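Structure below is start22.pdb: PDB, N, CA and C atoms.
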```pdb
ATOM      1  N   MET A   1     -15.170  24.292  14.335
ATOM      2  CA  MET A   1     -14.777  22.987  13.852
ATOM      3  C   MET A   1     -15.538  21.922  14.655
ATOM      4  N   PRO A   2     -16.086  20.905  13.991
ATOM      5  CA  PRO A   2     -16.818  19.866  14.711
ATOM      6  C   PRO A   2     -15.900  19.080  15.640
ATOM      7  N   GLU A   3     -16.498  18.562  16.695
ATOM      8  CA  GLU A   3     -15.753  17.704  17.619
ATOM      9  C   GLU A   3     -15.430  16.383  16.924
ATOM     10  N   PRO A   4     -14.274  15.791  17.226
ATOM     11  CA  PRO A   4     -13.959  14.477  16.645
ATOM     12  C   PRO A   4     -14.981  13.431  17.082
ATOM     13  N   LEU A   5     -15.262  12.503  16.197
ATOM     14  CA  LEU A   5     -16.166  11.410  16.548
ATOM     15  C   LEU A   5     -15.458  10.458  17.493
ATOM     16  N   PRO A   6     -16.087  10.111  18.613
ATOM     17  CA  PRO A   6     -15.446   9.160  19.516
ATOM     18  C   PRO A   6     -15.421   7.756  18.900
ATOM     19  N   ASP A   7     -14.460   6.949  19.321
ATOM     20  CA  ASP A   7     -14.324   5.594  18.789
ATOM     21  C   ASP A   7     -15.616   4.793  18.952
ATOM     22  N   ASP A   8     -16.270   4.927  20.118
ATOM     23  CA  ASP A   8     -17.482   4.136  20.345
ATOM     24  C   ASP A   8     -18.612   4.546  19.393
ATOM     25  N   TYR A   9     -18.632   5.807  18.962
ATOM     26  CA  TYR A   9     -19.638   6.246  17.992
ATOM     27  C   TYR A   9     -19.382   5.593  16.636
ATOM     28  N   LEU A  10     -18.115   5.583  16.211
ATOM     29  CA  LEU A  10     -17.785   4.913  14.947
ATOM     30  C   LEU A  10     -18.115   3.425  15.013
ATOM     31  N   GLU A  11     -17.796   2.798  16.137
ATOM     32  CA  GLU A  11     -18.094   1.364  16.295
ATOM     33  C   GLU A  11     -19.591   1.109  16.246
ATOM     34  N   LYS A  12     -20.378   1.962  16.912
ATOM     35  CA  LYS A  12     -21.834   1.805  16.890
ATOM     36  C   LYS A  12     -22.349   1.963  15.460
ATOM     37  N   THR A  13     -21.842   2.965  14.730
ATOM     38  CA  THR A  13     -22.267   3.180  13.351
ATOM     39  C   THR A  13     -21.922   1.968  12.493
ATOM     40  N   GLN A  14     -20.725   1.425  12.682
ATOM     41  CA  GLN A  14     -20.325   0.243  11.919
ATOM     42  C   GLN A  14     -21.226  -0.949  12.242
ATOM     43  N   GLN A  15     -21.624  -1.102  13.501
ATOM     44  CA  GLN A  15     -22.533  -2.186  13.879
ATOM     45  C   GLN A  15     -23.903  -2.015  13.238
ATOM     46  N   LEU A  16     -24.397  -0.767  13.208
ATOM     47  CA  LEU A  16     -25.687  -0.503  12.563
ATOM     48  C   LEU A  16     -25.628  -0.818  11.070
ATOM     49  N   ILE A  17     -24.533  -0.441  10.433
ATOM     50  CA  ILE A  17     -24.376  -0.715   9.002
ATOM     51  C   ILE A  17     -24.357  -2.212   8.751
ATOM     52  N   THR A  18     -23.644  -2.942   9.587
ATOM     53  CA  THR A  18     -23.533  -4.387   9.419
ATOM     54  C   THR A  18     -24.888  -5.074   9.569
ATOM     55  N   ALA A  19     -25.765  -4.513  10.390
ATOM     56  CA  ALA A  19     -27.073  -5.121  10.636
ATOM     57  C   ALA A  19     -28.069  -4.900   9.500
ATOM     58  N   VAL A  20     -27.797  -3.948   8.620
ATOM     59  CA  VAL A  20     -28.711  -3.625   7.527
ATOM     60  C   VAL A  20     -28.547  -4.651   6.410
ATOM     61  N   PRO A  21     -29.638  -5.015   5.726
ATOM     62  CA  PRO A  21     -29.516  -5.970   4.621
ATOM     63  C   PRO A  21     -28.496  -5.512   3.580
ATOM     64  N   VAL A  22     -27.790  -6.474   3.029
ATOM     65  CA  VAL A  22     -26.759  -6.195   2.045
ATOM     66  C   VAL A  22     -27.387  -5.672   0.756
ATOM     67  N   GLY A  23     -26.746  -4.682   0.146
ATOM     68  CA  GLY A  23     -27.220  -4.125  -1.120
ATOM     69  C   GLY A  23     -26.741  -4.969  -2.276
ATOM     70  N   PRO A  24     -26.946  -4.582  -3.507
ATOM     71  CA  PRO A  24     -27.591  -3.317  -3.859
ATOM     72  C   PRO A  24     -29.091  -3.386  -3.606
ATOM     73  N   TRP A  25     -29.652  -2.242  -3.277
ATOM     74  CA  TRP A  25     -31.092  -2.140  -3.058
ATOM     75  C   TRP A  25     -31.740  -1.599  -4.319
ATOM     76  N   GLU A  26     -32.661  -2.321  -4.839
ATOM     77  CA  GLU A  26     -33.360  -1.907  -6.053
ATOM     78  C   GLU A  26     -34.632  -1.150  -5.688
ATOM     79  N   PRO A  27     -34.980  -0.126  -6.465
ATOM     80  CA  PRO A  27     -36.237   0.595  -6.213
ATOM     81  C   PRO A  27     -37.445  -0.333  -6.366
ATOM     82  N   ILE A  28     -38.462  -0.094  -5.556
ATOM     83  CA  ILE A  28     -39.716  -0.841  -5.601
ATOM     84  C   ILE A  28     -40.788   0.128  -6.082
ATOM     85  N   THR A  29     -41.534  -0.268  -7.096
ATOM     86  CA  THR A  29     -42.569   0.628  -7.619
ATOM     87  C   THR A  29     -43.924   0.310  -7.003
ATOM     88  N   ASN A  30     -44.797   1.319  -6.995
ATOM     89  CA  ASN A  30     -46.162   1.118  -6.516
ATOM     90  C   ASN A  30     -47.034   0.636  -7.674
ATOM     91  N   ASP A  31     -48.336   0.589  -7.444
ATOM     92  CA  ASP A  31     -49.260   0.100  -8.478
ATOM     93  C   ASP A  31     -49.278   0.967  -9.732
ATOM     94  N   TYR A  32     -48.774   2.178  -9.632
ATOM     95  CA  TYR A  32     -48.774   3.095 -10.774
ATOM     96  C   TYR A  32     -47.408   3.129 -11.479
ATOM     97  N   GLY A  33     -46.492   2.283 -11.041
ATOM     98  CA  GLY A  33     -45.171   2.235 -11.649
ATOM     99  C   GLY A  33     -44.209   3.287 -11.156
ATOM    100  N   VAL A  34     -44.588   4.020 -10.105
ATOM    101  CA  VAL A  34     -43.750   5.076  -9.547
ATOM    102  C   VAL A  34     -42.951   4.502  -8.372
ATOM    103  N   PRO A  35     -41.649   4.726  -8.333
ATOM    104  CA  PRO A  35     -40.868   4.232  -7.191
ATOM    105  C   PRO A  35     -41.358   4.848  -5.887
ATOM    106  N   ASP A  36     -41.625   4.003  -4.893
ATOM    107  CA  ASP A  36     -42.004   4.533  -3.582
ATOM    108  C   ASP A  36     -41.283   3.805  -2.457
ATOM    109  N   GLY A  37     -40.350   2.991  -2.813
ATOM    110  CA  GLY A  37     -39.567   2.289  -1.809
ATOM    111  C   GLY A  37     -38.267   1.830  -2.415
ATOM    112  N   VAL A  38     -37.343   1.446  -1.555
ATOM    113  CA  VAL A  38     -36.077   0.910  -2.025
ATOM    114  C   VAL A  38     -35.605  -0.106  -0.989
ATOM    115  N   GLY A  39     -35.348  -1.337  -1.449
ATOM    116  CA  GLY A  39     -34.894  -2.376  -0.530
ATOM    117  C   GLY A  39     -35.814  -2.476   0.674
ATOM    118  N   PRO A  40     -35.238  -2.435   1.870
ATOM    119  CA  PRO A  40     -36.053  -2.570   3.084
ATOM    120  C   PRO A  40     -36.804  -1.301   3.477
ATOM    121  N   VAL A  41     -36.581  -0.189   2.768
ATOM    122  CA  VAL A  41     -37.332   1.030   3.040
ATOM    123  C   VAL A  41     -38.622   0.907   2.247
ATOM    124  N   SER A  42     -39.742   0.697   2.941
ATOM    125  CA  SER A  42     -40.961   0.308   2.242
ATOM    126  C   SER A  42     -41.752   1.457   1.643
ATOM    127  N   PHE A  43     -41.623   2.674   2.183
ATOM    128  CA  PHE A  43     -42.441   3.753   1.647
ATOM    129  C   PHE A  43     -41.791   5.089   1.928
ATOM    130  N   LEU A  44     -41.752   5.927   0.938
ATOM    131  CA  LEU A  44     -41.262   7.288   1.094
ATOM    132  C   LEU A  44     -42.350   8.220   0.591
ATOM    133  N   GLU A  45     -42.854   9.068   1.466
ATOM    134  CA  GLU A  45     -43.892   9.993   1.039
ATOM    135  C   GLU A  45     -43.249  11.354   0.777
ATOM    136  N   THR A  46     -43.434  11.852  -0.405
ATOM    137  CA  THR A  46     -42.890  13.153  -0.762
ATOM    138  C   THR A  46     -43.967  13.959  -1.466
ATOM    139  N   ALA A  47     -43.692  15.233  -1.674
ATOM    140  CA  ALA A  47     -44.679  16.121  -2.290
ATOM    141  C   ALA A  47     -44.945  15.745  -3.744
ATOM    142  N   SER A  48     -43.936  15.277  -4.466
ATOM    143  CA  SER A  48     -44.129  14.940  -5.875
ATOM    144  C   SER A  48     -43.040  13.976  -6.320
ATOM    145  N   ASP A  49     -43.271  13.378  -7.488
ATOM    146  CA  ASP A  49     -42.270  12.462  -8.039
ATOM    147  C   ASP A  49     -40.942  13.170  -8.287
ATOM    148  N   GLU A  50     -41.000  14.462  -8.550
ATOM    149  CA  GLU A  50     -39.793  15.237  -8.795
ATOM    150  C   GLU A  50     -38.820  15.130  -7.622
ATOM    151  N   TYR A  51     -39.348  15.038  -6.405
ATOM    152  CA  TYR A  51     -38.511  14.921  -5.224
ATOM    153  C   TYR A  51     -38.321  13.468  -4.804
ATOM    154  N   GLN A  52     -39.298  12.639  -5.109
ATOM    155  CA  GLN A  52     -39.276  11.253  -4.642
ATOM    156  C   GLN A  52     -38.125  10.449  -5.243
ATOM    157  N   VAL A  53     -37.922  10.530  -6.532
ATOM    158  CA  VAL A  53     -36.892   9.721  -7.192
ATOM    159  C   VAL A  53     -35.496  10.046  -6.661
ATOM    160  N   PRO A  54     -35.104  11.330  -6.514
ATOM    161  CA  PRO A  54     -33.782  11.597  -5.945
ATOM    162  C   PRO A  54     -33.620  11.093  -4.508
ATOM    163  N   VAL A  55     -34.685  11.139  -3.723
ATOM    164  CA  VAL A  55     -34.608  10.632  -2.346
ATOM    165  C   VAL A  55     -34.331   9.134  -2.372
ATOM    166  N   ILE A  56     -35.039   8.426  -3.232
ATOM    167  CA  ILE A  56     -34.827   6.978  -3.346
ATOM    168  C   ILE A  56     -33.406   6.684  -3.813
ATOM    169  N   ALA A  57     -32.914   7.459  -4.772
ATOM    170  CA  ALA A  57     -31.547   7.256  -5.250
ATOM    171  C   ALA A  57     -30.539   7.489  -4.129
ATOM    172  N   LEU A  58     -30.776   8.515  -3.310
ATOM    173  CA  LEU A  58     -29.870   8.793  -2.203
ATOM    174  C   LEU A  58     -29.880   7.657  -1.184
ATOM    175  N   VAL A  59     -31.053   7.178  -0.827
ATOM    176  CA  VAL A  59     -31.140   6.081   0.141
ATOM    177  C   VAL A  59     -30.427   4.845  -0.408
ATOM    178  N   SER A  60     -30.645   4.558  -1.672
ATOM    179  CA  SER A  60     -29.994   3.416  -2.296
ATOM    180  C   SER A  60     -28.476   3.571  -2.286
ATOM    181  N   HIS A  61     -28.004   4.755  -2.631
ATOM    182  CA  HIS A  61     -26.560   5.013  -2.659
ATOM    183  C   HIS A  61     -25.960   4.977  -1.249
ATOM    184  N   ALA A  62     -26.696   5.485  -0.286
ATOM    185  CA  ALA A  62     -26.181   5.565   1.084
ATOM    186  C   ALA A  62     -25.831   4.190   1.639
ATOM    187  N   ARG A  63     -26.571   3.174   1.247
ATOM    188  CA  ARG A  63     -26.291   1.822   1.754
ATOM    189  C   ARG A  63     -24.886   1.378   1.379
ATOM    190  N   GLU A  64     -24.416   1.785   0.238
ATOM    191  CA  GLU A  64     -23.069   1.421  -0.196
ATOM    192  C   GLU A  64     -22.034   2.466   0.221
ATOM    193  N   ALA A  65     -22.438   3.741   0.223
ATOM    194  CA  ALA A  65     -21.484   4.816   0.486
ATOM    195  C   ALA A  65     -21.158   4.982   1.962
ATOM    196  N   LEU A  66     -22.143   4.846   2.826
ATOM    197  CA  LEU A  66     -21.911   5.086   4.249
ATOM    198  C   LEU A  66     -20.798   4.201   4.826
ATOM    199  N   PRO A  67     -20.776   2.908   4.545
ATOM    200  CA  PRO A  67     -19.660   2.103   5.064
ATOM    201  C   PRO A  67     -18.302   2.588   4.556
ATOM    202  N   ARG A  68     -18.258   3.066   3.327
ATOM    203  CA  ARG A  68     -16.995   3.566   2.800
ATOM    204  C   ARG A  68     -16.563   4.835   3.523
ATOM    205  N   TYR A  69     -17.517   5.726   3.798
ATOM    206  CA  TYR A  69     -17.187   6.960   4.512
ATOM    207  C   TYR A  69     -16.724   6.674   5.929
ATOM    208  N   VAL A  70     -17.401   5.764   6.608
ATOM    209  CA  VAL A  70     -16.997   5.417   7.971
ATOM    210  C   VAL A  70     -15.603   4.796   7.954
ATOM    211  N   GLY A  71     -15.333   3.948   6.974
ATOM    212  CA  GLY A  71     -14.007   3.364   6.854
ATOM    213  C   GLY A  71     -12.943   4.409   6.593
ATOM    214  N   GLU A  72     -13.267   5.389   5.778
ATOM    215  CA  GLU A  72     -12.309   6.455   5.482
ATOM    216  C   GLU A  72     -12.034   7.299   6.721
ATOM    217  N   VAL A  73     -13.064   7.585   7.487
ATOM    218  CA  VAL A  73     -12.866   8.337   8.734
ATOM    219  C   VAL A  73     -11.949   7.557   9.670
ATOM    220  N   ALA A  74     -12.186   6.260   9.806
ATOM    221  CA  ALA A  74     -11.342   5.435  10.674
ATOM    222  C   ALA A  74      -9.904   5.406  10.171
ATOM    223  N   ARG A  75      -9.722   5.294   8.848
ATOM    224  CA  ARG A  75      -8.377   5.274   8.273
ATOM    225  C   ARG A  75      -7.654   6.591   8.537
ATOM    226  N   GLN A  76      -8.348   7.704   8.324
ATOM    227  CA  GLN A  76      -7.731   9.006   8.555
ATOM    228  C   GLN A  76      -7.425   9.217  10.033
ATOM    229  N   ARG A  77      -8.308   8.761  10.894
ATOM    230  CA  ARG A  77      -8.067   8.890  12.328
ATOM    231  C   ARG A  77      -6.800   8.137  12.724
ATOM    232  N   ASP A  78      -6.641   6.920  12.212
ATOM    233  CA  ASP A  78      -5.435   6.149  12.520
ATOM    234  C   ASP A  78      -4.184   6.870  12.021
ATOM    235  N   LEU A  79      -4.249   7.428  10.821
ATOM    236  CA  LEU A  79      -3.119   8.153  10.257
ATOM    237  C   LEU A  79      -2.793   9.387  11.099
ATOM    238  N   ILE A  80      -3.807  10.130  11.488
ATOM    239  CA  ILE A  80      -3.594  11.324  12.318
ATOM    240  C   ILE A  80      -2.951  10.945  13.645
ATOM    241  N   ARG A  81      -3.421   9.890  14.266
ATOM    242  CA  ARG A  81      -2.834   9.459  15.553
ATOM    243  C   ARG A  81      -1.363   9.092  15.379
ATOM    244  N   GLU A  82      -1.040   8.415  14.287
ATOM    245  CA  GLU A  82       0.352   8.046  14.034
ATOM    246  C   GLU A  82       1.196   9.288  13.799
ATOM    247  N   LEU A  83       0.695  10.227  13.023
ATOM    248  CA  LEU A  83       1.441  11.468  12.776
ATOM    249  C   LEU A  83       1.621  12.277  14.065
ATOM    250  N   GLU A  84       0.601  12.336  14.891
ATOM    251  CA  GLU A  84       0.718  13.042  16.174
ATOM    252  C   GLU A  84       1.772  12.383  17.057
ATOM    253  N   ARG A  85       1.815  11.050  17.042
ATOM    254  CA  ARG A  85       2.822  10.326  17.826
ATOM    255  C   ARG A  85       4.217  10.658  17.322
ATOM    256  N   GLN A  86       4.380  10.685  16.004
ATOM    257  CA  GLN A  86       5.689  11.008  15.435
ATOM    258  C   GLN A  86       6.095  12.444  15.751
ATOM    259  N   ILE A  87       5.168  13.357  15.730
ATOM    260  CA  ILE A  87       5.469  14.753  16.070
ATOM    261  C   ILE A  87       5.931  14.854  17.519
ATOM    262  N   ARG A  88       5.247  14.153  18.438
ATOM    263  CA  ARG A  88       5.654  14.180  19.851
ATOM    264  C   ARG A  88       7.079  13.670  20.005
ATOM    265  N   VAL A  89       7.441  12.643  19.256
ATOM    266  CA  VAL A  89       8.786  12.074  19.338
ATOM    267  C   VAL A  89       9.824  13.075  18.820
ATOM    268  N   LEU A  90       9.482  13.814  17.780
ATOM    269  CA  LEU A  90      10.426  14.737  17.161
ATOM    270  C   LEU A  90      10.567  16.072  17.903
ATOM    271  N   LYS A  91       9.606  16.427  18.734
ATOM    272  CA  LYS A  91       9.681  17.692  19.473
ATOM    273  C   LYS A  91      10.808  17.626  20.496
ATOM    274  N   PRO A  92      11.464  18.770  20.752
ATOM    275  CA  PRO A  92      12.495  18.794  21.797
ATOM    276  C   PRO A  92      11.902  18.313  23.126
ATOM    277  N   GLY A  93      12.637  17.437  23.782
ATOM    278  CA  GLY A  93      12.149  16.885  25.047
ATOM    279  C   GLY A  93      11.040  15.872  24.853
ATOM    280  N   GLY A  94      10.819  15.439  23.624
ATOM    281  CA  GLY A  94       9.737  14.508  23.324
ATOM    282  C   GLY A  94      10.086  13.056  23.586
ATOM    283  N   GLY A  95      11.256  12.812  24.125
ATOM    284  CA  GLY A  95      11.620  11.440  24.439
ATOM    285  C   GLY A  95      12.457  10.818  23.346
ATOM    286  N   ASP A  96      12.324   9.539  23.222
ATOM    287  CA  ASP A  96      13.081   8.746  22.262
ATOM    288  C   ASP A  96      12.871   9.325  20.858
ATOM    289  N   ARG A  97      13.952   9.598  20.127
ATOM    290  CA  ARG A  97      13.878  10.219  18.810
ATOM    291  C   ARG A  97      13.548   9.201  17.702
ATOM    292  N   ARG A  98      13.595   7.933  18.017
ATOM    293  CA  ARG A  98      13.280   6.927  16.996
ATOM    294  C   ARG A  98      11.772   6.887  16.763
ATOM    295  N   VAL A  99      11.381   6.782  15.515
ATOM    296  CA  VAL A  99       9.968   6.634  15.148
ATOM    297  C   VAL A  99       9.687   5.140  15.092
ATOM    298  N   ARG A 100       8.705   4.750  15.836
ATOM    299  CA  ARG A 100       8.352   3.311  15.869
ATOM    300  C   ARG A 100       7.211   3.033  14.955
TER     301      ARG A 100
END
```
Would you kindly transcribe this structure into structure tokens?
Amino acid sequence: MPEPLPDDYLEKTQQLITAVPVGPWEPITNDYGVPDGVGPVSFLETASDEYQVPVIALVSHAREALPRYVGEVARQRDLIRELERQIRVLKPGGGDRRVR
């Protein structure tokens, strides 16, 4: 099982996301009409167009999806911490039985 992400790692990732230009990022075509960039990503070199277009689509999608994933991780982490706190309270000898 992977190690939990530390809070400072999530914060750093959120800062990096915030620093990136706001989307949506539109594909940029070269002189031949083939997409070779997206938003601030100026050039993607791939073996063929068959691979290039999906890479550009992924980069474009990631700009919007990554902040959502980081937010979901933070939300789940907060929920897990709250549930762990409630479990400690409910365990025998866990202290005050009231859930705060």
Using only C-alpha atoms, which residues sit within 12 Å of range 66-75 of chain A once same-chain residues fewer than 3 positions away are excluded, as a PDB file with N, CA and C atoms, in the coordinates of the input?
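out_15.pdb was written with the following content:
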```pdb
ATOM      1  N   PRO A   4     -14.274  15.791  17.226  1.00  0.00           N
ATOM      2  CA  PRO A   4     -13.959  14.477  16.645  1.00  0.00           C
ATOM      3  C   PRO A   4     -14.981  13.431  17.082  1.00  0.00           C
ATOM      4  N   LEU A   5     -15.262  12.503  16.197  1.00  0.00           N
ATOM      5  CA  LEU A   5     -16.166  11.410  16.548  1.00  0.00           C
ATOM      6  C   LEU A   5     -15.458  10.458  17.493  1.00  0.00           C
ATOM      7  N   PRO A   6     -16.087  10.111  18.613  1.00  0.00           N
ATOM      8  CA  PRO A   6     -15.446   9.160  19.516  1.00  0.00           C
ATOM      9  C   PRO A   6     -15.421   7.756  18.900  1.00  0.00           C
ATOM     10  N   ASP A   7     -14.460   6.949  19.321  1.00  0.00           N
ATOM     11  CA  ASP A   7     -14.324   5.594  18.789  1.00  0.00           C
ATOM     12  C   ASP A   7     -15.616   4.793  18.952  1.00  0.00           C
ATOM     13  N   ASP A   8     -16.270   4.927  20.118  1.00  0.00           N
ATOM     14  CA  ASP A   8     -17.482   4.136  20.345  1.00  0.00           C
ATOM     15  C   ASP A   8     -18.612   4.546  19.393  1.00  0.00           C
ATOM     16  N   TYR A   9     -18.632   5.807  18.962  1.00  0.00           N
ATOM     17  CA  TYR A   9     -19.638   6.246  17.992  1.00  0.00           C
ATOM     18  C   TYR A   9     -19.382   5.593  16.636  1.00  0.00           C
ATOM     19  N   LEU A  10     -18.115   5.583  16.211  1.00  0.00           N
ATOM     20  CA  LEU A  10     -17.785   4.913  14.947  1.00  0.00           C
ATOM     21  C   LEU A  10     -18.115   3.425  15.013  1.00  0.00           C
ATOM     22  N   GLU A  11     -17.796   2.798  16.137  1.00  0.00           N
ATOM     23  CA  GLU A  11     -18.094   1.364  16.295  1.00  0.00           C
ATOM     24  C   GLU A  11     -19.591   1.109  16.246  1.00  0.00           C
ATOM     25  N   LYS A  12     -20.378   1.962  16.912  1.00  0.00           N
ATOM     26  CA  LYS A  12     -21.834   1.805  16.890  1.00  0.00           C
ATOM     27  C   LYS A  12     -22.349   1.963  15.460  1.00  0.00           C
ATOM     28  N   THR A  13     -21.842   2.965  14.730  1.00  0.00           N
ATOM     29  CA  THR A  13     -22.267   3.180  13.351  1.00  0.00           C
ATOM     30  C   THR A  13     -21.922   1.968  12.493  1.00  0.00           C
ATOM     31  N   GLN A  14     -20.725   1.425  12.682  1.00  0.00           N
ATOM     32  CA  GLN A  14     -20.325   0.243  11.919  1.00  0.00           C
ATOM     33  C   GLN A  14     -21.226  -0.949  12.242  1.00  0.00           C
ATOM     34  N   GLN A  15     -21.624  -1.102  13.501  1.00  0.00           N
ATOM     35  CA  GLN A  15     -22.533  -2.186  13.879  1.00  0.00           C
ATOM     36  C   GLN A  15     -23.903  -2.015  13.238  1.00  0.00           C
ATOM     37  N   LEU A  16     -24.397  -0.767  13.208  1.00  0.00           N
ATOM     38  CA  LEU A  16     -25.687  -0.503  12.563  1.00  0.00           C
ATOM     39  C   LEU A  16     -25.628  -0.818  11.070  1.00  0.00           C
ATOM     40  N   ILE A  17     -24.533  -0.441  10.433  1.00  0.00           N
ATOM     41  CA  ILE A  17     -24.376  -0.715   9.002  1.00  0.00           C
ATOM     42  C   ILE A  17     -24.357  -2.212   8.751  1.00  0.00           C
ATOM     43  N   THR A  18     -23.644  -2.942   9.587  1.00  0.00           N
ATOM     44  CA  THR A  18     -23.533  -4.387   9.419  1.00  0.00           C
ATOM     45  C   THR A  18     -24.888  -5.074   9.569  1.00  0.00           C
ATOM     46  N   ALA A  19     -25.765  -4.513  10.390  1.00  0.00           N
ATOM     47  CA  ALA A  19     -27.073  -5.121  10.636  1.00  0.00           C
ATOM     48  C   ALA A  19     -28.069  -4.900   9.500  1.00  0.00           C
ATOM     49  N   VAL A  20     -27.797  -3.948   8.620  1.00  0.00           N
ATOM     50  CA  VAL A  20     -28.711  -3.625   7.527  1.00  0.00           C
ATOM     51  C   VAL A  20     -28.547  -4.651   6.410  1.00  0.00           C
ATOM     52  N   VAL A  22     -27.790  -6.474   3.029  1.00  0.00           N
ATOM     53  CA  VAL A  22     -26.759  -6.195   2.045  1.00  0.00           C
ATOM     54  C   VAL A  22     -27.387  -5.672   0.756  1.00  0.00           C
ATOM     55  N   GLY A  23     -26.746  -4.682   0.146  1.00  0.00           N
ATOM     56  CA  GLY A  23     -27.220  -4.125  -1.120  1.00  0.00           C
ATOM     57  C   GLY A  23     -26.741  -4.969  -2.276  1.00  0.00           C
ATOM     58  N   LEU A  58     -30.776   8.515  -3.310  1.00  0.00           N
ATOM     59  CA  LEU A  58     -29.870   8.793  -2.203  1.00  0.00           C
ATOM     60  C   LEU A  58     -29.880   7.657  -1.184  1.00  0.00           C
ATOM     61  N   VAL A  59     -31.053   7.178  -0.827  1.00  0.00           N
ATOM     62  CA  VAL A  59     -31.140   6.081   0.141  1.00  0.00           C
ATOM     63  C   VAL A  59     -30.427   4.845  -0.408  1.00  0.00           C
ATOM     64  N   SER A  60     -30.645   4.558  -1.672  1.00  0.00           N
ATOM     65  CA  SER A  60     -29.994   3.416  -2.296  1.00  0.00           C
ATOM     66  C   SER A  60     -28.476   3.571  -2.286  1.00  0.00           C
ATOM     67  N   HIS A  61     -28.004   4.755  -2.631  1.00  0.00           N
ATOM     68  CA  HIS A  61     -26.560   5.013  -2.659  1.00  0.00           C
ATOM     69  C   HIS A  61     -25.960   4.977  -1.249  1.00  0.00           C
ATOM     70  N   ALA A  62     -26.696   5.485  -0.286  1.00  0.00           N
ATOM     71  CA  ALA A  62     -26.181   5.565   1.084  1.00  0.00           C
ATOM     72  C   ALA A  62     -25.831   4.190   1.639  1.00  0.00           C
ATOM     73  N   ARG A  63     -26.571   3.174   1.247  1.00  0.00           N
ATOM     74  CA  ARG A  63     -26.291   1.822   1.754  1.00  0.00           C
ATOM     75  C   ARG A  63     -24.886   1.378   1.379  1.00  0.00           C
ATOM     76  N   ASP A  78      -6.641   6.920  12.212  1.00  0.00           N
ATOM     77  CA  ASP A  78      -5.435   6.149  12.520  1.00  0.00           C
ATOM     78  C   ASP A  78      -4.184   6.870  12.021  1.00  0.00           C
ATOM     79  N   LEU A  79      -4.249   7.428  10.821  1.00  0.00           N
ATOM     80  CA  LEU A  79      -3.119   8.153  10.257  1.00  0.00           C
ATOM     81  C   LEU A  79      -2.793   9.387  11.099  1.00  0.00           C
ATOM     82  N   ILE A  80      -3.807  10.130  11.488  1.00  0.00           N
ATOM     83  CA  ILE A  80      -3.594  11.324  12.318  1.00  0.00           C
ATOM     84  C   ILE A  80      -2.951  10.945  13.645  1.00  0.00           C
ATOM     85  N   ARG A  81      -3.421   9.890  14.266  1.00  0.00           N
ATOM     86  CA  ARG A  81      -2.834   9.459  15.553  1.00  0.00           C
ATOM     87  C   ARG A  81      -1.363   9.092  15.379  1.00  0.00           C
ATOM     88  N   GLU A  82      -1.040   8.415  14.287  1.00  0.00           N
ATOM     89  CA  GLU A  82       0.352   8.046  14.034  1.00  0.00           C
ATOM     90  C   GLU A  82       1.196   9.288  13.799  1.00  0.00           C
TER      91      GLU A  82
END
```
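Of note, atom C of Gly33 in chain A and CA of Glu64 in chain A are spaced 23.9 Å apart.
You will find atom C of Asp36 in chain A at 7.8 Å from atom N of Ile56 in chain A.
As for CA of Ile28 in chain A and CA of Pro54 in chain A, they are spaced 13.8 Å apart.
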